[in-house]
Amino acid sequence: MANQMKTIAVLTSGGDAPGMNAAIRAVVRTAIAKGLNVKGIERGYAGLLNEEIIDLDTRSVSDIIQRGGTILGTARCLEFKQPDVQKMGADICRKHGIDGLVVIGGDGSYRGAQALARNGINAIGLPGTIDLDIACTEYTIGFDTAVNTAMEAIDKVRDTSTSHERCSIIEVMGRNAGYIALWCGITNGAEEILLPENYDHNEQAIIENIIQKRRMGKKHYIIVNAEGIGDSVAMAKRIEEATGIETRATILGHIQRGGSPTCRDRYVASLMGAKAVDLLIEGKSKRVVGMQHGELVDFDIEEALAMEKTIPAYDYEVSRLLSK
Ligand code: ADP
Ligand code: F6P
């Protein structure tokens with residue numbers, strides 16, 4: 001049943017992701033178009049607890065759709081895991097007249113939204129993370145920009161790797177998930193893609209493969225490591241010692257989190273931001289927006305957090321076939 005929502009707020013939480021600004025803009029403009037007031041909470045749950053709350057209007061979100069990062073700032077706020085702190089957060093929302101909240105972030109941020117919903121604030125989560133590691137959705141805001149940034153960087157490493165006839169290990173982000181590594185591994189034509197989800201730690205097999213490929217005349221050997229695999233610099237040292245082939249590790253790091261969002265990230269973020277506001281206007285709470293088969297969907301947060309996501313077996317198999 002629709003409720004009498006008057007004022008909503010939006011915050012970004014956890015690691016920033018390109019496209020978060022497009023989502024903020026969509027939340028603000030959709031809400032205003034539908035007669036609501038909108039506030040922005042700066043620096044995630046930390047800013048909520050410090051009452052860093054600002055009014056947002058249509059002009060506040062001008063000229064941001066093309067910008068990386070988040071104009072609201074973000075933070076990791078560990079104390080928000082405590083029930084008494086969560087209640088305090090809900091009380092602060094009430095004090096500022098906030099009836100509904102849109103939280104843009106990853107799984108951790110959803111748990112904060114769930115806690116606020118438990119304490120009486122209608123809350124909707126949007127998937128904002130470069131890691132693509134949210135089970136209820138096939139798409140997360142920021143992933144497309146991050147993989148394109150990483151792909152272009154790996155192409156550059158490959159040029160120098162070939163010139164020097166080296167083995168290159170390139171470590172990409174993803175926390176415990178291997179989606180960025182899988183996508184880059186396939187699109188950069190890597191010889192090896194190491195994913196935390198299925199790595200068997202058989203380094204000897206990799207070493208033998210490098211030696212065999214060198215005998216066949218391959219000038220480079222590209223290994224894309226997901227960061228969850230472990231220490232890429234130490235791995236490079238071990239491989240160089242075992243193969244006698246110069247080996248370098250490049251850790252792409254936070255470059256993957258920045259930059260102007262791609263068309264796809266801006267588009268999906270715009271639709272998801274609008275959808276979050278529609279759900280609040282319908283009186284919904286404790287839901288997350290996702291995408292399935294190209295369509296927007298929404299799930300109960302608890303249900304969403306219980307879902308599991310695995311690396312698509314066929315995609316991984318193809319990556320192995322193409323890496324000869
Ligand atoms: P992400 O949202 O990208 O998964 P984090 O896991 O770091 O990133 O979570 C972001 C923030 O969400 C945390 O710093 C904290 O403020 C909040 N959060 C995480 N886990 C919980 C939890 N169990 N309960 C309440 N809030 C949480
Ligand atoms: O969740 C996004 C992410 O960039 C992960 O890929 C990475 O493990 C983590 O955040 C890094 O966090 P921080 O910026 O706090 O070092």
# chains A, B, ... in the order shown; residues from 1 in each chain; ligands from 1

call {"tool": "residues_around", "arguments": {"residues": "A:Leu48", "least_positions_apart": "3", "cutoff": "9 Å", "atoms": "only C-alpha atoms", "output": "ChimeraX atom specification"}}
result
/A:11,41-45,51-53,89,92-93

call {"tool": "residues_around", "arguments": {"residues": "A:Gln204", "least_positions_apart": "5", "cutoff": "12 Å", "atoms": "only C-alpha atoms", "output": "PyMOL selection string"}}
result
chain A and resi 209-211+235+238-239+242-243

call {"tool": "write_last_selection", "arguments": {"atoms": "N, CA, C and O atoms", "output": "compact mmCIF listing (two decimals), in the first residue's frame"}}
result
# COMPACT_ATOMS: atom_id res chain seq x y z
N ASN A 209 53.64 -24.60 -17.82
CA ASN A 209 52.94 -24.00 -18.97
C ASN A 209 53.73 -22.82 -19.54
O ASN A 209 53.85 -22.66 -20.76
N ILE A 210 54.28 -21.99 -18.64
CA ILE A 210 55.06 -20.82 -19.09
C ILE A 210 56.27 -21.31 -19.90
O ILE A 210 56.55 -20.81 -21.00
N ILE A 211 56.95 -22.34 -19.37
CA ILE A 211 58.15 -22.85 -20.06
C ILE A 211 57.77 -23.43 -21.42
O ILE A 211 58.41 -23.15 -22.45
N MET A 235 54.45 -14.09 -5.88
CA MET A 235 54.24 -15.10 -6.93
C MET A 235 55.17 -14.84 -8.11
O MET A 235 55.78 -15.76 -8.67
N ARG A 238 58.64 -16.04 -7.33
CA ARG A 238 58.75 -17.51 -7.39
C ARG A 238 58.78 -18.00 -8.84
O ARG A 238 59.56 -18.87 -9.20
N ILE A 239 57.92 -17.40 -9.67
CA ILE A 239 57.84 -17.84 -11.07
C ILE A 239 59.15 -17.51 -11.80
O ILE A 239 59.68 -18.33 -12.56
N ALA A 242 61.77 -20.01 -10.82
CA ALA A 242 61.55 -21.37 -11.33
C ALA A 242 61.69 -21.46 -12.85
O ALA A 242 62.09 -22.50 -13.37
N THR A 243 61.36 -20.39 -13.57
CA THR A 243 61.36 -20.46 -15.05
C THR A 243 62.60 -19.83 -15.68
O THR A 243 62.91 -20.12 -16.84

call {"tool": "closest_atom_pairs", "arguments": {"of": "chain A", "to": "ligand 1", "cutoff": "8 Å", "atoms": "only C-alpha atoms and all ligand atoms", "output": "JSON lines"}}
result
{"residue": "A:Ser13", "atom": "CA", "partner": "ligand 1", "partner_atom_place_in_ligand_line": "10 (C)", "distance": 5.3}
{"residue": "A:Gly14", "atom": "CA", "partner": "ligand 1", "partner_atom_place_in_ligand_line": "8 (O)", "distance": 3.6}
{"residue": "A:Gly15", "atom": "CA", "partner": "ligand 1", "partner_atom_place_in_ligand_line": "3 (O)", "distance": 5.1}
{"residue": "A:Asp16", "atom": "CA", "partner": "ligand 1", "partner_atom_place_in_ligand_line": "3 (O)", "distance": 7.8}
{"residue": "A:Gly44", "atom": "CA", "partner": "ligand 1", "partner_atom_place_in_ligand_line": "16 (O)", "distance": 7.0}
{"residue": "A:Tyr45", "atom": "CA", "partner": "ligand 1", "partner_atom_place_in_ligand_line": "16 (O)", "distance": 5.3}
{"residue": "A:Ala46", "atom": "CA", "partner": "ligand 1", "partner_atom_place_in_ligand_line": "16 (O)", "distance": 6.9}
{"residue": "A:Ala75", "atom": "CA", "partner": "ligand 1", "partner_atom_place_in_ligand_line": "14 (O)", "distance": 6.2}
{"residue": "A:Arg76", "atom": "CA", "partner": "ligand 1", "partner_atom_place_in_ligand_line": "14 (O)", "distance": 3.0}
{"residue": "A:Cys77", "atom": "CA", "partner": "ligand 1", "partner_atom_place_in_ligand_line": "16 (O)", "distance": 3.6}
{"residue": "A:Leu78", "atom": "CA", "partner": "ligand 1", "partner_atom_place_in_ligand_line": "14 (O)", "distance": 4.9}
{"residue": "A:Glu79", "atom": "CA", "partner": "ligand 1", "partner_atom_place_in_ligand_line": "16 (O)", "distance": 6.8}
{"residue": "A:Phe80", "atom": "CA", "partner": "ligand 1", "partner_atom_place_in_ligand_line": "26 (N)", "distance": 4.8}
{"residue": "A:Lys81", "atom": "CA", "partner": "ligand 1", "partner_atom_place_in_ligand_line": "25 (C)", "distance": 3.8}
{"residue": "A:Gln82", "atom": "CA", "partner": "ligand 1", "partner_atom_place_in_ligand_line": "25 (C)", "distance": 7.0}
{"residue": "A:Gln86", "atom": "CA", "partner": "ligand 1", "partner_atom_place_in_ligand_line": "25 (C)", "distance": 7.2}
{"residue": "A:Ile104", "atom": "CA", "partner": "ligand 1", "partner_atom_place_in_ligand_line": "2 (O)", "distance": 7.9}
{"residue": "A:Gly105", "atom": "CA", "partner": "ligand 1", "partner_atom_place_in_ligand_line": "2 (O)", "distance": 4.4}
{"residue": "A:Gly106", "atom": "CA", "partner": "ligand 1", "partner_atom_place_in_ligand_line": "2 (O)", "distance": 3.3}
{"residue": "A:Asp107", "atom": "CA", "partner": "ligand 1", "partner_atom_place_in_ligand_line": "4 (O)", "distance": 4.1}
{"residue": "A:Gly108", "atom": "CA", "partner": "ligand 1", "partner_atom_place_in_ligand_line": "19 (C)", "distance": 3.5}
{"residue": "A:Ser109", "atom": "CA", "partner": "ligand 1", "partner_atom_place_in_ligand_line": "12 (O)", "distance": 3.5}
{"residue": "A:Tyr110", "atom": "CA", "partner": "ligand 1", "partner_atom_place_in_ligand_line": "2 (O)", "distance": 6.6}
{"residue": "A:Arg111", "atom": "CA", "partner": "ligand 1", "partner_atom_place_in_ligand_line": "24 (N)", "distance": 4.5}
{"residue": "A:Gly112", "atom": "CA", "partner": "ligand 1", "partner_atom_place_in_ligand_line": "26 (N)", "distance": 3.4}
{"residue": "A:Ala113", "atom": "CA", "partner": "ligand 1", "partner_atom_place_in_ligand_line": "26 (N)", "distance": 7.2}
{"residue": "A:Gln114", "atom": "CA", "partner": "ligand 1", "partner_atom_place_in_ligand_line": "25 (C)", "distance": 7.6}
{"residue": "A:Ala115", "atom": "CA", "partner": "ligand 1", "partner_atom_place_in_ligand_line": "25 (C)", "distance": 6.2}
{"residue": "A:Gly128", "atom": "CA", "partner": "ligand 1", "partner_atom_place_in_ligand_line": "3 (O)", "distance": 7.3}
{"residue": "A:Thr129", "atom": "CA", "partner": "ligand 1", "partner_atom_place_in_ligand_line": "3 (O)", "distance": 5.9}

call {"tool": "residues_near_ligand", "arguments": {"ligand": "ligand 2", "cutoff": "7 Å", "atoms": "only C-alpha atoms and all ligand atoms", "output": "ChimeraX atom specification"}}
result
/A:14-15,129-131,173-175,254,257

call {"tool": "select_by_dssp", "arguments": {"residues": "stretch 30-207 of chain A", "states": "helix (DSSP H, G or I)", "output": "VMD selection string"}}
result
chain A and resid 30 to 33 44 to 49 58 to 61 78 to 81 83 to 95 107 to 118 143 to 164 179 to 187 203 to 207

call {"tool": "residues_around", "arguments": {"residues": "A:Arg166", "least_positions_apart": "2", "cutoff": "7 Å", "atoms": "only C-alpha atoms", "output": "number ranges by chain"}}
result
A: 161-162, 164, 168, 220-221, 245-247

call {"tool": "closest_residue", "arguments": {"among": "A:Ile169, A:Ala150, A:Val288, A:Ala236", "to": "A:Gly259", "atoms": "only C-alpha atoms"}}
result
A:Ala150

call {"tool": "residues_around", "arguments": {"residues": "A:Arg29", "least_positions_apart": "2", "cutoff": "12 Å", "atoms": "only C-alpha atoms", "output": "MDAnalysis selection string"}}
result
chainID A and resid 8 10 22:27 31:39 56:62 270:271 273:278

call {"tool": "residues_around", "arguments": {"residues": "stretch 190-193 of chain A", "least_positions_apart": "2", "cutoff": "9 Å", "atoms": "only C-alpha atoms", "output": "PyMOL selection string"}}
result
chain A and resi 181-182+184-188+195+199+206+210+220-226+316+319-320+322-324
